[in-house]
$ cat my_file34.csv   # CSV, C-alpha atoms
chain,number,residue,atom,x,y,z
A,1,MET,CA,54.7,-9.0,-61.7
A,2,ASP,CA,55.9,-8.5,-58.2
A,3,ILE,CA,53.5,-8.3,-55.3
A,4,GLY,CA,54.1,-6.1,-52.3
A,5,LEU,CA,52.4,-5.6,-48.9
A,6,VAL,CA,51.6,-2.2,-47.5
A,7,LEU,CA,50.9,-1.9,-43.7
A,8,GLN,CA,50.6,0.9,-41.2
A,9,THR,CA,53.0,1.0,-38.3
A,10,ASP,CA,50.4,0.6,-35.6
A,11,PRO,CA,51.7,-0.9,-32.4
A,12,PRO,CA,52.6,-3.5,-31.6
A,13,ALA,CA,55.4,-3.5,-34.1
A,14,ARG,CA,55.9,-7.2,-33.5
A,15,LEU,CA,52.6,-7.9,-35.2
A,16,LEU,CA,53.7,-6.0,-38.3
A,17,ILE,CA,57.0,-7.8,-38.4
A,18,ASP,CA,55.3,-11.1,-38.2
A,19,ARG,CA,52.9,-10.2,-41.0
A,20,MET,CA,55.8,-9.2,-43.2
A,21,ILE,CA,57.5,-12.6,-42.5
A,22,ARG,CA,54.2,-14.3,-43.4
A,23,ALA,CA,54.1,-12.3,-46.6
A,24,GLU,CA,57.6,-13.2,-47.7
A,25,GLN,CA,56.8,-16.9,-47.1
A,26,ALA,CA,53.7,-16.4,-49.3
A,27,GLY,CA,55.8,-15.0,-52.1
A,28,PHE,CA,55.5,-11.2,-51.6
A,29,SER,CA,58.6,-9.4,-52.8
A,30,HIS,CA,58.2,-6.0,-51.1
A,31,GLY,CA,57.2,-4.8,-47.6
A,32,TRP,CA,56.0,-1.2,-47.5
A,33,THR,CA,54.6,1.0,-44.7
A,34,PHE,CA,53.1,4.4,-44.4
A,35,ASP,CA,55.5,7.0,-43.0
A,36,SER,CA,53.7,9.5,-40.8
A,37,CYS,CA,55.4,9.4,-37.5
A,38,VAL,CA,52.8,11.4,-35.6
A,39,LEU,CA,49.9,9.1,-36.7
A,40,TRP,CA,51.9,5.9,-36.4
A,41,GLN,CA,55.2,4.5,-35.1
A,42,GLU,CA,58.5,5.4,-36.7
A,43,PRO,CA,58.9,3.0,-39.6
A,44,PHE,CA,62.7,2.9,-40.1
A,45,VAL,CA,63.2,1.3,-36.7
A,46,ILE,CA,60.8,-1.4,-37.7
A,47,TYR,CA,62.4,-1.9,-41.2
A,48,SER,CA,65.6,-3.0,-39.5
A,49,ARG,CA,63.8,-5.8,-37.7
A,50,ILE,CA,61.9,-6.8,-40.9
A,51,LEU,CA,65.1,-7.1,-42.8
A,52,ALA,CA,66.8,-9.1,-40.0
A,53,GLU,CA,64.0,-11.6,-39.9
A,54,THR,CA,63.4,-12.0,-43.7
A,55,GLU,CA,65.7,-13.2,-46.4
A,56,ARG,CA,64.7,-11.5,-49.6
A,57,MET,CA,62.1,-8.9,-49.0
A,58,THR,CA,62.8,-5.3,-50.0
A,59,VAL,CA,61.4,-2.7,-47.6
A,60,GLY,CA,60.6,1.0,-47.8
A,61,PRO,CA,58.1,3.8,-47.1
A,62,MET,CA,55.0,4.4,-49.2
A,63,VAL,CA,55.8,7.3,-49.0
A,64,THR,CA,58.3,9.4,-47.1
A,65,ASN,CA,58.7,13.1,-47.9
A,66,PRO,CA,61.4,15.8,-48.0
A,67,GLY,CA,60.3,17.7,-44.8
A,68,THR,CA,59.9,15.2,-41.9
A,69,ARG,CA,63.7,14.5,-41.8
A,70,THR,CA,66.6,16.3,-43.2
A,71,TRP,CA,67.8,14.7,-46.4
A,72,GLU,CA,71.2,13.6,-45.1
A,73,VAL,CA,69.4,11.8,-42.3
A,74,THR,CA,67.1,10.0,-44.7
A,75,ALA,CA,70.0,9.0,-47.0
A,76,SER,CA,72.1,7.8,-44.0
A,77,THR,CA,69.2,5.7,-42.7
A,78,PHE,CA,68.7,4.0,-46.0
A,79,ALA,CA,72.4,3.6,-46.6
A,80,THR,CA,72.9,2.0,-43.1
A,81,LEU,CA,70.1,-0.5,-43.7
A,82,ASN,CA,71.6,-1.4,-47.1
A,83,ASP,CA,75.0,-1.8,-45.6
A,84,MET,CA,73.6,-4.1,-42.9
A,85,TYR,CA,71.3,-6.1,-45.1
A,86,GLY,CA,72.5,-5.8,-48.7
A,87,ASN,CA,70.6,-3.2,-50.8
A,88,ARG,CA,67.2,-4.4,-49.8
A,89,THR,CA,65.5,-1.0,-49.5
A,90,VAL,CA,63.6,1.3,-51.8
A,91,CYS,CA,62.8,5.0,-51.1
A,92,GLY,CA,59.2,5.7,-51.9
A,93,ILE,CA,58.8,9.5,-51.7
A,94,GLY,CA,56.2,12.2,-52.3
A,95,ARG,CA,55.4,15.8,-51.4
A,96,GLY,CA,54.1,14.7,-47.9
A,97,ASP,CA,50.4,14.6,-47.2
A,98,SER,CA,49.5,13.3,-43.7
A,99,ALA,CA,53.0,13.5,-42.3
A,100,MET,CA,53.2,17.3,-43.0
A,101,ARG,CA,49.6,18.3,-42.5
A,102,VAL,CA,49.2,16.8,-39.1
A,103,ALA,CA,52.3,18.7,-38.0
A,104,GLY,CA,50.8,22.0,-39.3
A,105,ARG,CA,53.1,22.2,-42.3
A,106,ARG,CA,52.5,22.4,-46.0
A,107,PRO,CA,53.6,19.6,-48.3
A,108,ALA,CA,56.8,20.2,-50.2
A,109,THR,CA,56.8,21.9,-53.6
A,110,LEU,CA,57.8,19.7,-56.6
A,111,ALA,CA,61.0,21.7,-57.0
A,112,ARG,CA,61.9,20.9,-53.4
A,113,LEU,CA,61.0,17.3,-53.9
A,114,SER,CA,63.2,17.1,-57.0
A,115,GLU,CA,66.2,18.4,-55.0
A,116,ALA,CA,65.5,16.0,-52.2
A,117,MET,CA,65.3,13.0,-54.5
A,118,ARG,CA,68.6,13.9,-56.1
A,119,ALA,CA,70.4,14.5,-52.8
A,120,ILE,CA,69.1,11.4,-51.0
A,121,LYS,CA,70.0,9.1,-53.9
A,122,GLU,CA,73.4,10.6,-54.4
A,123,LEU,CA,74.3,10.5,-50.7
A,124,ALA,CA,72.9,7.0,-50.1
A,125,GLU,CA,74.9,5.6,-53.1
A,126,GLY,CA,78.1,7.2,-51.9
A,127,ARG,CA,78.4,10.3,-54.0
A,128,THR,CA,78.6,14.0,-53.1
A,129,ALA,CA,75.4,16.0,-53.0
A,130,GLU,CA,74.4,19.5,-52.0
A,131,VAL,CA,71.9,19.9,-49.2
A,132,ASP,CA,70.6,23.4,-48.6
A,133,GLY,CA,73.7,25.0,-50.0
A,134,THR,CA,76.3,22.7,-48.3
A,135,GLU,CA,78.1,19.9,-50.1
A,136,MET,CA,78.3,16.7,-48.1
A,137,HIS,CA,79.3,13.1,-48.5
A,138,LEU,CA,78.8,9.9,-46.5
A,139,PRO,CA,82.4,8.6,-46.5
A,140,TRP,CA,81.5,5.2,-45.1
A,141,VAL,CA,79.1,4.1,-47.9
A,142,ARG,CA,80.7,1.2,-49.7
A,143,SER,CA,81.0,0.8,-53.5
A,144,GLY,CA,77.9,-0.9,-55.0
A,145,ALA,CA,75.4,0.8,-52.7
A,146,SER,CA,72.1,1.3,-54.4
A,147,LEU,CA,68.9,3.1,-53.5
A,148,PRO,CA,66.1,3.3,-56.1
A,149,ILE,CA,63.9,6.3,-55.7
A,150,TRP,CA,60.2,5.8,-56.5
A,151,MET,CA,57.9,8.8,-56.6
A,152,GLY,CA,54.3,8.9,-55.8
A,153,ALA,CA,52.3,11.1,-58.2
A,154,TYR,CA,48.8,12.0,-59.6
A,155,GLY,CA,48.9,15.5,-61.1
A,156,PRO,CA,50.4,16.4,-64.5
A,157,LYS,CA,53.5,18.2,-63.1
A,158,ALA,CA,54.2,15.4,-60.6
A,159,LEU,CA,53.9,12.8,-63.3
A,160,ASN,CA,56.3,14.8,-65.5
A,161,LEU,CA,58.8,15.0,-62.7
A,162,THR,CA,58.5,11.3,-62.1
A,163,GLY,CA,59.3,10.5,-65.7
A,164,ARG,CA,62.2,12.9,-65.9
A,165,GLN,CA,63.9,11.9,-62.7
A,166,ALA,CA,62.6,9.0,-60.6
A,167,ASP,CA,63.6,5.4,-60.8
A,168,GLY,CA,60.0,4.3,-60.2
A,169,PHE,CA,56.4,5.5,-60.3
A,170,ILE,CA,54.0,4.8,-57.4
A,171,LEU,CA,50.3,5.2,-58.3
A,172,GLN,CA,47.9,4.8,-55.5
A,173,LEU,CA,44.8,3.4,-57.3
A,174,ALA,CA,44.2,0.3,-59.4
A,175,ASP,CA,41.8,1.7,-62.1
A,176,PRO,CA,43.0,0.4,-65.5
A,177,TYR,CA,41.8,3.5,-67.4
A,178,LEU,CA,43.6,6.0,-65.0
A,179,THR,CA,46.6,3.7,-64.7
A,180,GLU,CA,47.1,3.7,-68.5
A,181,PHE,CA,46.6,7.5,-68.7
A,182,MET,CA,49.2,8.1,-66.0
A,183,ILE,CA,51.8,5.6,-67.2
A,184,LYS,CA,51.6,7.2,-70.6
A,185,ALA,CA,52.3,10.6,-69.0
A,186,VAL,CA,55.3,9.3,-67.1
A,187,ARG,CA,56.8,7.5,-70.1
A,188,ALA,CA,56.3,10.5,-72.3
A,189,ALA,CA,58.2,12.7,-69.8
A,190,ALA,CA,61.0,10.1,-69.6
A,191,VAL,CA,61.3,10.2,-73.4
A,192,GLU,CA,61.4,14.0,-73.4
A,193,ALA,CA,64.2,13.8,-70.8
A,194,GLY,CA,66.2,11.4,-73.0
A,195,ARG,CA,65.6,8.4,-70.7
A,196,ASP,CA,64.5,4.9,-71.5
A,197,PRO,CA,60.8,5.0,-70.6
A,198,ASP,CA,60.9,1.3,-69.7
A,199,SER,CA,63.6,2.0,-67.1
A,200,VAL,CA,61.0,3.6,-64.8
A,201,THR,CA,59.5,0.8,-62.6
A,202,VAL,CA,55.7,1.1,-62.2
A,203,CYS,CA,54.1,0.2,-58.9
A,204,VAL,CA,50.3,0.3,-58.5
A,205,ALA,CA,49.2,0.3,-54.8
A,206,ALA,CA,45.6,-0.2,-53.7
A,207,PRO,CA,43.5,-2.1,-51.2
A,208,ALA,CA,42.9,-5.8,-52.0
A,209,TYR,CA,40.2,-7.8,-50.3
A,210,VAL,CA,39.8,-11.4,-51.2
A,211,THR,CA,36.2,-12.8,-50.7
A,212,ALA,CA,35.1,-16.4,-50.6
A,213,ASP,CA,32.6,-15.7,-53.5
A,214,ASP,CA,31.0,-12.9,-55.4
A,215,SER,CA,27.8,-12.8,-53.5
A,216,PRO,CA,26.3,-9.4,-52.9
A,217,GLU,CA,26.8,-9.8,-49.2
A,218,ALA,CA,30.5,-10.6,-49.5
A,219,LEU,CA,31.2,-7.8,-51.9
A,220,ALA,CA,29.3,-5.3,-49.8
A,221,HIS,CA,31.4,-6.1,-46.8
A,222,ALA,CA,34.6,-5.9,-48.8
A,223,ARG,CA,33.6,-2.5,-50.2
A,224,GLU,CA,32.9,-1.1,-46.7
A,225,GLN,CA,36.4,-2.3,-45.6
A,226,CYS,CA,38.1,-0.5,-48.5
A,227,ARG,CA,35.9,2.6,-48.9
A,228,TRP,CA,38.5,4.6,-46.9
A,229,PHE,CA,40.8,4.4,-49.8
A,230,GLY,CA,38.5,6.5,-52.1
A,231,GLY,CA,38.6,9.2,-49.4
A,232,MET,CA,42.4,9.1,-49.2
A,233,VAL,CA,42.7,9.4,-52.9
A,234,GLY,CA,40.0,12.0,-52.9
A,235,ASN,CA,42.2,14.1,-50.6
A,236,HIS,CA,44.9,14.2,-53.3
A,237,VAL,CA,42.3,14.8,-56.1
A,238,ALA,CA,40.9,17.8,-54.2
A,239,ASP,CA,44.4,19.4,-54.2
A,240,LEU,CA,44.5,18.8,-58.0
A,241,VAL,CA,41.1,20.4,-58.5
A,242,SER,CA,42.0,23.4,-56.5
A,243,HIS,CA,45.2,23.9,-58.4
A,244,TYR,CA,44.1,23.1,-62.0
A,245,GLY,CA,40.3,23.7,-61.9
A,246,GLU,CA,37.4,21.2,-61.8
A,247,HIS,CA,37.3,20.6,-65.6
A,248,SER,CA,40.9,21.0,-66.5
A,249,ASP,CA,42.1,18.9,-69.5
A,250,LEU,CA,45.2,18.2,-67.3
A,251,VAL,CA,43.2,16.0,-64.8
A,252,PRO,CA,40.9,13.2,-66.1
A,253,GLU,CA,37.2,13.7,-65.3
A,254,ALA,CA,37.1,10.1,-64.2
A,255,LEU,CA,39.4,11.1,-61.3
A,256,THR,CA,37.6,14.3,-60.3
A,257,GLU,CA,33.9,13.6,-60.7
A,258,TYR,CA,33.4,11.6,-57.5
A,259,ILE,CA,34.8,14.1,-55.0
A,260,LYS,CA,31.9,16.6,-55.5
A,261,GLY,CA,30.3,15.2,-52.3
A,262,ARG,CA,33.5,15.5,-50.3
A,263,GLN,CA,33.1,17.6,-47.1
A,264,GLY,CA,36.6,17.6,-45.6
A,265,TYR,CA,39.1,15.1,-44.2
A,266,ASP,CA,40.2,14.3,-40.7
A,267,TYR,CA,43.7,12.8,-40.6
A,268,SER,CA,43.0,11.0,-37.3
A,269,HIS,CA,41.1,8.4,-39.5
A,270,HIS,CA,43.7,8.4,-42.3
A,271,GLY,CA,44.0,5.1,-44.0
A,272,ARG,CA,41.6,3.2,-41.8
A,273,ALA,CA,38.5,1.1,-42.4
A,274,GLY,CA,35.3,2.8,-41.2
A,275,ASN,CA,36.7,6.3,-41.8
A,276,PRO,CA,33.6,8.6,-41.4
A,277,ASP,CA,35.0,11.1,-43.9
A,278,THR,CA,34.6,8.6,-46.8
A,279,ALA,CA,30.9,8.1,-46.9
A,280,PHE,CA,30.8,10.2,-50.1
A,281,VAL,CA,32.8,7.5,-52.0
A,282,PRO,CA,30.4,5.5,-54.2
A,283,ASP,CA,30.6,1.7,-54.7
A,284,GLU,CA,31.7,2.3,-58.3
A,285,ILE,CA,34.8,4.1,-57.2
A,286,VAL,CA,35.7,1.4,-54.6
A,287,ASP,CA,35.3,-1.2,-57.3
A,288,ARG,CA,37.4,0.8,-59.8
A,289,PHE,CA,40.2,1.8,-57.4
A,290,CYS,CA,40.5,-1.4,-55.4
A,291,LEU,CA,40.7,-5.1,-56.0
A,292,ILE,CA,37.7,-6.8,-54.5
A,293,GLY,CA,36.2,-10.2,-55.0
A,294,PRO,CA,37.2,-13.9,-55.2
A,295,PRO,CA,40.8,-14.8,-56.3
A,296,GLU,CA,39.9,-15.1,-60.0
A,297,ALA,CA,38.7,-11.4,-60.0
A,298,HIS,CA,42.1,-10.3,-58.5
A,299,ARG,CA,44.0,-12.4,-61.1
A,300,ALA,CA,42.0,-10.8,-64.0
A,301,ARG,CA,42.6,-7.2,-62.8
A,302,LEU,CA,46.3,-7.9,-62.2
A,303,ALA,CA,46.6,-9.4,-65.7
A,304,GLU,CA,45.0,-6.2,-67.1
A,305,LEU,CA,47.3,-4.0,-65.1
A,306,ARG,CA,50.4,-6.0,-66.1
A,307,SER,CA,49.4,-5.5,-69.8
A,308,LEU,CA,49.5,-1.8,-69.2
A,309,GLY,CA,53.1,-2.0,-67.9
A,310,VAL,CA,52.6,-2.3,-64.2
A,311,ASP,CA,55.7,-4.1,-62.6
A,312,GLN,CA,54.4,-4.4,-59.1
A,313,PHE,CA,51.0,-4.4,-57.3
A,314,ALA,CA,51.3,-3.4,-53.7
A,315,VAL,CA,48.4,-4.6,-51.5
A,316,TYR,CA,47.1,-2.1,-49.0
A,317,ALA,CA,46.0,-4.3,-46.2
A,318,MET,CA,44.1,-2.0,-43.9
A,319,HIS,CA,41.0,-4.0,-43.2
A,320,ASP,CA,39.7,-6.9,-41.1
A,321,ALA,CA,41.2,-9.7,-43.2
A,322,ILE,CA,44.9,-8.9,-43.3
A,323,GLU,CA,46.3,-12.4,-42.7
A,324,ALA,CA,43.5,-14.0,-44.9
A,325,THR,CA,44.4,-11.7,-47.8
A,326,ILE,CA,48.2,-12.5,-47.4
A,327,ASP,CA,47.4,-16.2,-47.4
A,328,ALA,CA,44.9,-16.0,-50.3
A,329,TYR,CA,47.5,-14.2,-52.4
A,330,GLY,CA,50.1,-16.7,-51.5
A,331,THR,CA,47.9,-19.7,-52.6
A,332,ASP,CA,45.6,-18.3,-55.3
A,333,VAL,CA,47.2,-15.3,-56.9
A,334,ILE,CA,51.0,-15.1,-56.7
A,335,PRO,CA,51.6,-18.6,-58.2
A,336,HIS,CA,49.6,-17.6,-61.2
A,337,LEU,CA,51.9,-14.6,-61.8

$ encode --input "my_file34.csv" --output "structure tokens"
Amino acid sequence: MDIGLVLQTDPPARLLIDRMIRAEQAGFSHGWTFDSCVLWQEPFVIYSRILAETERMTVGPMVTNPGTRTWEVTASTFATLNDMYGNRTVCGIGRGDSAMRVAGRRPATLARLSEAMRAIKELAEGRTAEVDGTEMHLPWVRSGASLPIWMGAYGPKALNLTGRQADGFILQLADPYLTEFMIKAVRAAAVEAGRDPDSVTVCVAAPAYVTADDSPEALAHAREQCRWFGGMVGNHVADLVSHYGEHSDLVPEALTEYIKGRQGYDYSHHGRAGNPDTAFVPDEIVDRFCLIGPPEAHRARLAELRSLGVDQFAVYAMHDAIEATIDAYGTDVIPHL
């Protein structure tokens, strides 16, 4: 199982770059960032420095979207990084939540996302693609260029699109029951599309907080540092409930029950510890969605996720122990994988 690190591009960028270097030295394979250029700094500029100062790490957004940049710009940016540093990028992509909403725009439709994924991949790998009715080609892309497209998804239609088209599946929660449910949906869609279901890489992303022990005090602090994640996931779940209904068979009750106390969401606190809009998230959801506790608890959950077909766990490190978590994974988790 690969282990990735997910950070926000808060200034100073130098600190993020140093943390990614530290993560590579600890054995992390991937360096991810959020991509919401109003809330945080522009990630693609920073990727260039991460790639220049690491040797093996693969970098990418978790996740970009079809609306912030035109598709040929996104493809050209990835292709340029790959040309400079040797196919060390991955395009995580979704409909666009914070990046679009904070700019007063609606997230993309799945049809639009499908078109964007196809065009970005074709262009970045040197082939011709149609973008808004115009055929185009990046003539400078060299033979052998590769850009995996990993799609973030929760709902049934998005999971189906992931299985039919994407190279990878990004699931932002680490609950084994829901992970199994959604991996099965993605793989079933891949089979229906005539694809090898095992060809779709599965990446689970969630906060991880390593504690010194499993005392009530230590676990309570860790939960408070990670409670924001239940609110972020709840934002996506609320969209699903509004679309499919509260008790639809298409969305598991385990995913919808906890958002009944949700009162709204302010993106100025998006992805941050202490988010006041996440008080409705119960401890049970934090424990289910995140990895919290001493190293042995992390190893046990990762083993369970791996048995379900997860290829990578990406650590959301948006809390007060970023370096400590990187180091703990490097010494007490990654060597066991």

$ residues_near_point --input "my_file34.csv" --point "(44.7, -8.2, -46.0)" --cutoff "9 Å" --atoms "all atoms listed in the file" --output "PyMOL selection string"
chain A and resi 5+207-210+315-328

$ residues_near_point --input "my_file34.csv" --point "(56.2, -1.4, -57.6)" --cutoff "8 Å" --atoms "only C-alpha atoms" --output "VMD selection string"
chain A and resid 2 to 4 168 to 170 201 to 205 310 to 314

$ residues_around --input "my_file34.csv" --residues "Phe78 of chain A" --least-positions-apart "6" --cutoff "8 Å" --atoms "all atoms listed in the file" --output "count of residues only"
4

$ residues_around --input "my_file34.csv" --residues "Gln8 of chain A" --least-positions-apart "4" --cutoff "8 Å" --atoms "only C-alpha atoms" --output "list in words"
Thr33, Phe34, Trp40 and Met318 of chain A

$ residues_around --input "my_file34.csv" --residues "Gly31 of chain A" --least-positions-apart "3" --cutoff "7 Å" --atoms "only C-alpha atoms" --output "ChimeraX atom specification"
/A:4-6,20,57-60

$ residues_around --input "my_file34.csv" --residues "segment 301-307 of chain A" --least-positions-apart "4" --cutoff "8 Å" --atoms "all atoms listed in the file" --output "number ranges by chain"
A: 1, 174, 176, 179, 291, 297, 311, 313

$ write_last_selection --input "my_file34.csv" --atoms "C-alpha atoms" --output "CSV table (one decimal), in the frame of the given file"
chain,number,residue,atom,x,y,z
A,1,MET,CA,54.7,-9.0,-61.7
A,174,ALA,CA,44.2,0.3,-59.4
A,176,PRO,CA,43.0,0.4,-65.5
A,179,THR,CA,46.6,3.7,-64.7
A,291,LEU,CA,40.7,-5.1,-56.0
A,297,ALA,CA,38.7,-11.4,-60.0
A,311,ASP,CA,55.7,-4.1,-62.6
A,313,PHE,CA,51.0,-4.4,-57.3

$ closest_residue --input "my_file34.csv" --among "A:Glu217, A:Asp83, A:Glu180, A:Glu296" --to "Tyr329 of chain A" --atoms "only C-alpha atoms"
A:Glu296

$ closest_residue --input "my_file34.csv" --among "A:Lys121, A:Arg288, A:His30, A:Arg19" --to "Pro148 of chain A" --atoms "only C-alpha atoms"
A:Lys121

$ atom_distance --input "my_file34.csv" --atom1 "atom CA of Arg95 of chain A" --atom2 "atom CA of Ala153 of chain A"
8.8 Å

$ atom_distance --input "my_file34.csv" --atom1 "atom CA of Arg69 of chain A" --atom2 "atom CA of Gln41 of chain A"
14.7 Å

$ atom_distance --input "my_file34.csv" --atom1 "atom CA of Met84 of chain A" --atom2 "atom CA of Ser114 of chain A"
27.5 Å
